[in-house]
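As provided, entry06.txt (compact mmCIF, C-alpha atoms (C1' of nucleotides)) reads as follows.
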# COMPACT_ATOMS: atom_id res chain seq x y z
CA MET A 1 0.00 0.00 0.00
CA LYS A 2 1.30 3.41 -0.97
CA VAL A 3 1.46 5.82 1.94
CA SER A 4 2.07 9.50 1.37
CA THR A 5 -0.04 11.33 3.90
CA GLU A 6 -0.07 11.40 7.67
CA ASP A 7 -3.55 9.89 7.89
CA GLU A 8 -2.64 7.05 5.55
CA ALA A 9 0.49 6.32 7.56
CA ILE A 10 -1.45 6.10 10.82
CA ALA A 11 -4.05 3.83 9.19
CA GLU A 12 -1.24 1.60 7.95
CA GLN A 13 0.20 1.31 11.47
CA LEU A 14 -3.20 0.36 12.88
CA ARG A 15 -3.62 -2.21 10.12
CA LEU A 16 -0.23 -3.86 10.68
CA ARG A 17 0.16 -3.69 14.43
CA ASP A 18 -1.89 -6.80 15.18
CA GLN A 19 0.71 -8.83 13.32
CA VAL A 20 3.35 -8.12 15.97
CA SER A 21 4.42 -11.16 17.98
CA GLN A 22 5.93 -10.68 21.41
CA GLU A 23 7.16 -14.25 21.53
CA THR A 24 10.68 -15.26 20.64
CA PRO A 25 10.79 -18.20 18.20
CA GLU A 26 11.34 -21.63 19.74
CA GLY A 27 15.04 -22.37 20.08
CA PHE A 28 16.03 -18.83 19.10
CA ALA A 29 19.84 -18.77 19.17
CA PRO A 30 20.96 -15.81 17.05
CA LYS A 31 24.40 -15.99 15.46
CA THR A 32 24.14 -12.65 13.67
CA ALA A 33 22.51 -9.26 14.32
CA ALA A 34 21.97 -6.43 11.86
CA GLY A 35 22.20 -2.73 12.66
CA LEU A 36 20.07 -0.34 10.58
CA ASP A 37 20.49 3.40 10.20
CA VAL A 38 19.86 6.22 7.73
CA HIS A 39 21.96 9.34 7.30
CA TYR A 40 20.52 12.43 5.66
CA THR A 41 22.13 15.00 3.42
CA ASP A 42 20.11 16.30 0.49
CA ARG A 43 19.17 12.67 0.04
CA GLY A 44 19.16 9.65 2.34
CA THR A 45 21.70 6.87 2.70
CA ALA A 46 20.46 3.70 4.38
CA ALA A 47 23.03 1.30 5.77
CA VAL A 48 22.64 -2.20 7.14
CA CYS A 49 25.56 -3.84 8.89
CA VAL A 50 25.46 -7.52 9.93
CA LEU A 51 27.68 -8.57 12.82
CA ASP A 52 28.69 -11.97 14.12
CA LEU A 53 27.41 -11.99 17.70
CA ALA A 54 30.34 -14.05 18.97
CA THR A 55 33.07 -11.77 17.65
CA LEU A 56 31.14 -8.57 16.79
CA GLU A 57 32.96 -8.59 13.47
CA VAL A 58 31.16 -7.42 10.33
CA VAL A 59 30.08 -10.33 8.16
CA ASP A 60 28.00 -8.45 5.61
CA GLN A 61 26.77 -4.96 4.83
CA ALA A 62 24.76 -3.02 2.27
CA VAL A 63 24.06 0.61 1.42
CA VAL A 64 21.23 2.21 -0.57
CA THR A 65 20.94 5.91 -1.40
CA GLY A 66 17.82 7.62 -2.67
CA SER A 67 15.44 10.54 -2.30
CA VAL A 68 13.47 10.89 0.92
CA ASP A 69 10.06 12.49 0.59
CA PHE A 70 8.32 11.63 3.83
CA PRO A 71 9.13 14.25 6.52
CA TYR A 72 10.26 13.45 10.02
CA ILE A 73 7.16 13.21 12.18
CA SER A 74 7.39 11.78 15.66
CA GLY A 75 5.35 8.58 15.64
CA LEU A 76 5.72 8.11 11.88
CA PHE A 77 9.46 7.63 11.74
CA ALA A 78 9.21 4.32 9.87
CA PHE A 79 7.63 5.96 6.85
CA ARG A 80 10.69 8.12 6.45
CA GLU A 81 13.29 5.40 6.91
CA LEU A 82 11.87 2.11 5.64
CA PRO A 83 11.68 3.00 1.92
CA LEU A 84 15.50 2.96 1.89
CA LEU A 85 16.15 0.43 4.66
CA LEU A 86 14.10 -2.37 3.09
CA PRO A 87 16.00 -2.29 -0.23
CA ALA A 88 19.25 -2.26 1.73
CA LEU A 89 18.16 -5.38 3.63
CA GLU A 90 17.37 -7.10 0.35
CA LYS A 91 20.85 -6.41 -0.94
CA LEU A 92 22.39 -8.47 1.84
CA SER A 93 23.79 -11.86 0.87
CA VAL A 94 22.81 -13.32 4.25
CA THR A 95 19.61 -13.06 6.29
CA PRO A 96 20.38 -11.68 9.77
CA ASP A 97 18.88 -13.49 12.75
CA VAL A 98 17.70 -10.27 14.37
CA LEU A 99 17.32 -6.60 13.41
CA VAL A 100 18.48 -3.87 15.79
CA CYS A 101 16.73 -0.65 14.78
CA ASP A 102 17.69 2.90 15.69
CA GLY A 103 14.35 3.93 17.19
CA GLN A 104 11.36 2.52 19.04
CA GLY A 105 9.58 -0.81 18.85
CA ILE A 106 6.30 -1.04 20.78
CA ALA A 107 7.34 1.92 22.97
CA HIS A 108 5.33 4.01 20.55
CA PRO A 109 2.03 5.94 20.73
CA ARG A 110 0.28 3.24 18.68
CA ARG A 111 2.60 0.41 19.77
CA PHE A 112 4.05 0.16 16.28
CA GLY A 113 7.37 1.94 15.98
CA LEU A 114 10.07 1.44 13.37
CA ALA A 115 11.36 -1.82 14.85
CA CYS A 116 7.90 -3.42 14.80
CA HIS A 117 7.30 -2.22 11.27
CA ALA A 118 10.64 -3.54 10.01
CA GLY A 119 10.10 -6.85 11.78
CA VAL A 120 6.59 -7.42 10.47
CA LEU A 121 7.49 -6.55 6.88
CA THR A 122 10.57 -8.78 6.82
CA GLY A 123 9.43 -11.51 9.20
CA ILE A 124 12.75 -11.20 11.03
CA PRO A 125 12.86 -10.89 14.86
CA SER A 126 13.57 -7.25 15.76
CA ILE A 127 14.17 -4.82 18.58
CA GLY A 128 14.32 -1.05 18.85
CA VAL A 129 17.10 0.77 20.69
CA SER A 130 16.90 4.56 20.95
CA LYS A 131 18.79 7.38 22.60
CA SER A 132 15.71 9.01 24.09
CA ALA A 133 12.17 7.92 24.80
CA ASN A 134 8.57 8.91 25.05
CA GLY A 135 6.44 7.82 27.95
CA GLY A 136 7.26 7.59 31.63
CA TRP A 137 10.49 6.20 32.98
CA GLU A 138 12.87 6.62 35.87
CA MET A 139 16.63 6.55 35.79
CA PRO A 140 18.02 3.02 36.31
CA GLY A 141 20.78 2.15 38.78
CA PRO A 142 24.41 3.10 38.02
CA ASN A 143 25.70 -0.31 37.03
CA ARG A 144 25.83 -1.86 33.60
CA GLY A 145 22.78 -4.07 33.21
CA ASP A 146 20.58 -2.00 35.54
CA TRP A 147 17.22 -1.22 33.98
CA THR A 148 13.79 0.26 34.70
CA ARG A 149 10.45 -0.08 32.99
CA ILE A 150 9.21 2.40 30.44
CA GLU A 151 5.47 2.65 30.94
CA ASP A 152 2.48 4.17 29.27
CA GLU A 153 -0.70 4.36 31.30
CA ARG A 154 0.85 1.90 33.76
CA ARG A 155 1.48 -0.62 31.02
CA PRO A 156 5.11 -1.73 30.46
CA ILE A 157 6.16 -0.95 26.90
CA GLY A 158 9.93 -1.13 27.11
CA ARG A 159 13.00 -0.69 29.28
CA THR A 160 15.71 1.82 29.97
CA LEU A 161 19.01 -0.06 30.12
CA ARG A 162 22.35 1.04 31.50
CA THR A 163 24.81 -0.31 28.97
CA ARG A 164 27.75 1.59 30.38
CA GLU A 165 28.45 3.21 33.73
CA GLY A 166 28.45 6.97 33.97
CA VAL A 167 26.41 7.63 30.85
CA LYS A 168 22.74 7.99 30.01
CA PRO A 169 20.91 4.68 29.54
CA VAL A 170 19.51 3.52 26.19
CA PHE A 171 15.80 2.89 25.66
CA LEU A 172 14.77 -0.44 24.26
CA SER A 173 11.53 -2.08 23.27
CA ILE A 174 10.64 -5.20 21.38
CA GLY A 175 9.91 -4.99 17.70
CA HIS A 176 8.65 -8.37 16.48
CA LYS A 177 9.09 -12.06 17.36
CA MET A 178 10.93 -11.06 20.50
CA ASP A 179 10.48 -10.87 24.27
CA ILE A 180 11.93 -8.12 26.42
CA ASP A 181 14.31 -10.32 28.43
CA THR A 182 15.89 -11.76 25.29
CA ALA A 183 16.11 -8.25 23.87
CA THR A 184 17.86 -7.00 27.02
CA GLU A 185 20.44 -9.80 26.89
CA LEU A 186 21.05 -9.14 23.21
CA VAL A 187 21.68 -5.44 23.78
CA LEU A 188 24.13 -6.20 26.58
CA THR A 189 25.98 -8.58 24.26
CA LEU A 190 26.19 -5.78 21.71
CA THR A 191 27.49 -3.17 24.16
CA PRO A 192 30.78 -4.48 25.60
CA LYS A 193 32.40 -1.07 25.37
CA TYR A 194 30.11 1.72 24.25
CA ARG A 195 26.69 3.05 25.20
CA LEU A 196 25.08 2.17 21.86
CA PRO A 197 25.01 -1.32 20.31
CA GLU A 198 27.90 -2.14 17.98
CA THR A 199 25.32 -2.84 15.29
CA THR A 200 24.00 0.72 15.53
CA ARG A 201 27.49 2.20 15.64
CA ARG A 202 28.66 0.30 12.58
CA ALA A 203 25.52 1.09 10.59
CA ASP A 204 25.82 4.76 11.53
CA ARG A 205 29.42 4.91 10.35
CA LEU A 206 28.58 3.09 7.15
CA SER A 207 25.66 5.41 6.38
CA ARG A 208 28.01 8.37 6.74
CA GLY A 209 30.32 6.93 4.17
CA LEU A 210 33.03 6.13 6.66
CA ASP A 211 34.66 2.69 6.98
C1' DG B 212 -1.58 29.42 23.02
C1' DC B 213 1.90 25.94 25.37
C1' DG B 214 4.63 21.91 26.02
C1' DA B 215 6.12 17.38 23.89
C1' DC B 216 8.35 15.51 20.25
C1' DA B 217 12.16 8.06 18.10
C1' DG B 218 15.59 10.46 13.94
C1' DA C 219 18.91 14.52 12.40
C1' DT C 220 22.43 18.59 12.04
C1' DC C 221 25.22 22.82 13.66
C1' DT C 222 29.53 23.48 16.62
C1' DT C 223 34.04 24.61 21.00
C1' DG C 224 35.96 23.06 24.58
C1' DT C 225 36.88 19.52 27.92
C1' DC C 226 37.65 15.18 30.27
C1' DG C 227 39.53 10.50 30.15
C1' DC C 228 41.66 6.25 28.39

Entire entry expressed as structure tokens:
Amino acid sequence: MKVSTEDEAIAEQLRLRDQVSQETPEGFAPKTAAGLDVHYTDRGTAAVCVLDLATLEVVDQAVVTGSVDFPYISGLFAFRELPLLLPALEKLSVTPDVLVCDGQGIAHPRRFGLACHAGVLTGIPSIGVSKSANGGWEMPGPNRGDWTRIEDERRPIGRTLRTREGVKPVFLSIGHKMDIDTATELVLTLTPKYRLPETTRRADRLSRGLD
DNA sequence: GCGACAG
DNA sequence: ATCTTGTCGC
């Protein structure tokens, strides 16, 4: 379905959100994780970087550049980024076991943020990790691994997670085919040294034409 | 009108 | 997101 207006985008989110699964597939044992990010200049450059979870080395990557016509609107972020991210995912020579998106999953006004959208359209388990969050949350403890709930109307929709001591926590929520505990463990695996997941850092660098 | 507001 | 100086720490 073509989506070009705000109303159409919201209708599309409401149509797709029931397809989100909050259950991790039986025997889920991811060997690879993909980071997704888009960098903007006069156009957009989407980058996907697949890392081996055991070594955090890059095993595959893809870049797609094109025009971006949908504006940035909080709550409709996916409609700005997915048109370039999906083609980039298709260019990969391997299918990643999980997608780590730079944004929200169900911690979203309609419970259908970028990570959910990417997961449902690809069928790949996904999570959303962002640098800031909507909704209510309190600062987690000071140690790596400490977390607190992100809530909306007293309903848990995600977690803050301290990935590194002395710095602001990250905000994570499940995207698709994923449970929050598995997502938390995955993010900790991806953050041995820096606040943000290695997947996100590599995709960000790649989208900027570095590396 | 005012504050909130993923990137 | 992007703009943009200095500063602290490994």

Using all atoms listed in the file, what does the table of chain A residues within 10 Å of chain B look like, with each row giving the shortest atom pair and its distance in Å to one decimal, sorted by chain and ascending number, as a tab-separated table?
residue	atom	partner	partner_atom	distance
A:Asp37	CA	B:DG218	C1'	9.4
A:Val38	CA	B:DG218	C1'	8.6
A:His39	CA	B:DG218	C1'	9.3
A:Tyr40	CA	B:DG218	C1'	9.8
A:Tyr72	CA	B:DG218	C1'	7.3
A:Ile73	CA	B:DC216	C1'	8.5
A:Ser74	CA	B:DC216	C1'	6.0
A:Gly75	CA	B:DA217	C1'	7.3
A:Leu76	CA	B:DA217	C1'	9.0
A:Phe77	CA	B:DA217	C1'	6.9
A:Ala78	CA	B:DA217	C1'	9.5
A:Arg80	CA	B:DG218	C1'	9.3
A:Glu81	CA	B:DG218	C1'	9.0
A:Asp102	CA	B:DA217	C1'	7.9
A:Gly103	CA	B:DA217	C1'	4.8
A:Gln104	CA	B:DA217	C1'	5.7
A:Gly105	CA	B:DA217	C1'	9.3
A:Ala107	CA	B:DA217	C1'	9.2
A:His108	CA	B:DA217	C1'	8.3
A:Gly113	CA	B:DA217	C1'	8.1
A:Leu114	CA	B:DA217	C1'	8.4
A:Gly128	CA	B:DA217	C1'	9.4
A:Val129	CA	B:DA217	C1'	9.2
A:Ser130	CA	B:DA217	C1'	6.5
A:Lys131	CA	B:DA217	C1'	8.0
A:Ser132	CA	B:DA217	C1'	7.0
A:Ala133	CA	B:DA217	C1'	6.7
A:Asn134	CA	B:DA217	C1'	7.9
A:Phe171	CA	B:DA217	C1'	9.9

Margin query: Just want the 9 Å neighbourhood of Trp147 (chain A), counted on all atoms listed in the file, with same-chain residues fewer than 2 positions away dropped. Output as a PyMOL selection string.
Written below: chain A and resi 139-141+144-145+149+159-162+169

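Coordinates place CA of Leu82 (chain A) at a distance of 28.0 Å from CA of Thr55 (chain A).
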
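Here CA of Val63 (chain A) is placed at a distance of 5.6 Å from CA of Ala46 (chain A).
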
Notebook entry, point to check: What gap, in Å, lies between CA of Ser67 (chain A) and C1' of DT222 (chain C)?
Noted result: 26.9 Å

Margin query: If we count only C-alpha atoms (C1' of nucleotides) and set the cut-off at 7 Å, which residues sit around region 197-206 of chain A, ignoring sequence neighbours fewer than 4 positions away in its own chain? Please answer as JSON, numbers by chain.
Written below: {"A": [34, 35, 36, 37, 47, 48, 49, 51, 100, 102, 187, 190, 191, 210, 211]}

With C-alpha atoms retained, could you export that selection as a short mmCIF file (atom, residue, chain, number, x, y, z; two decimals), in the coordinates of the input?
data_model
loop_
_atom_site.label_atom_id
_atom_site.label_comp_id
_atom_site.auth_asym_id
_atom_site.auth_seq_id
_atom_site.Cartn_x
_atom_site.Cartn_y
_atom_site.Cartn_z
CA ALA A 34 21.97 -6.43 11.86
CA GLY A 35 22.20 -2.73 12.66
CA LEU A 36 20.07 -0.34 10.58
CA ASP A 37 20.49 3.40 10.20
CA ALA A 47 23.03 1.30 5.77
CA VAL A 48 22.64 -2.20 7.14
CA CYS A 49 25.56 -3.84 8.89
CA LEU A 51 27.68 -8.57 12.82
CA VAL A 100 18.48 -3.87 15.79
CA ASP A 102 17.69 2.90 15.69
CA VAL A 187 21.68 -5.44 23.78
CA LEU A 190 26.19 -5.78 21.71
CA THR A 191 27.49 -3.17 24.16
CA LEU A 210 33.03 6.13 6.66
CA ASP A 211 34.66 2.69 6.98
#

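Proximity to chain C was assessed for A:Asp52, A:Ser4, A:Pro71, A:Leu84 counting all atoms listed in the file; the smallest distance is recorded for A:Pro71.
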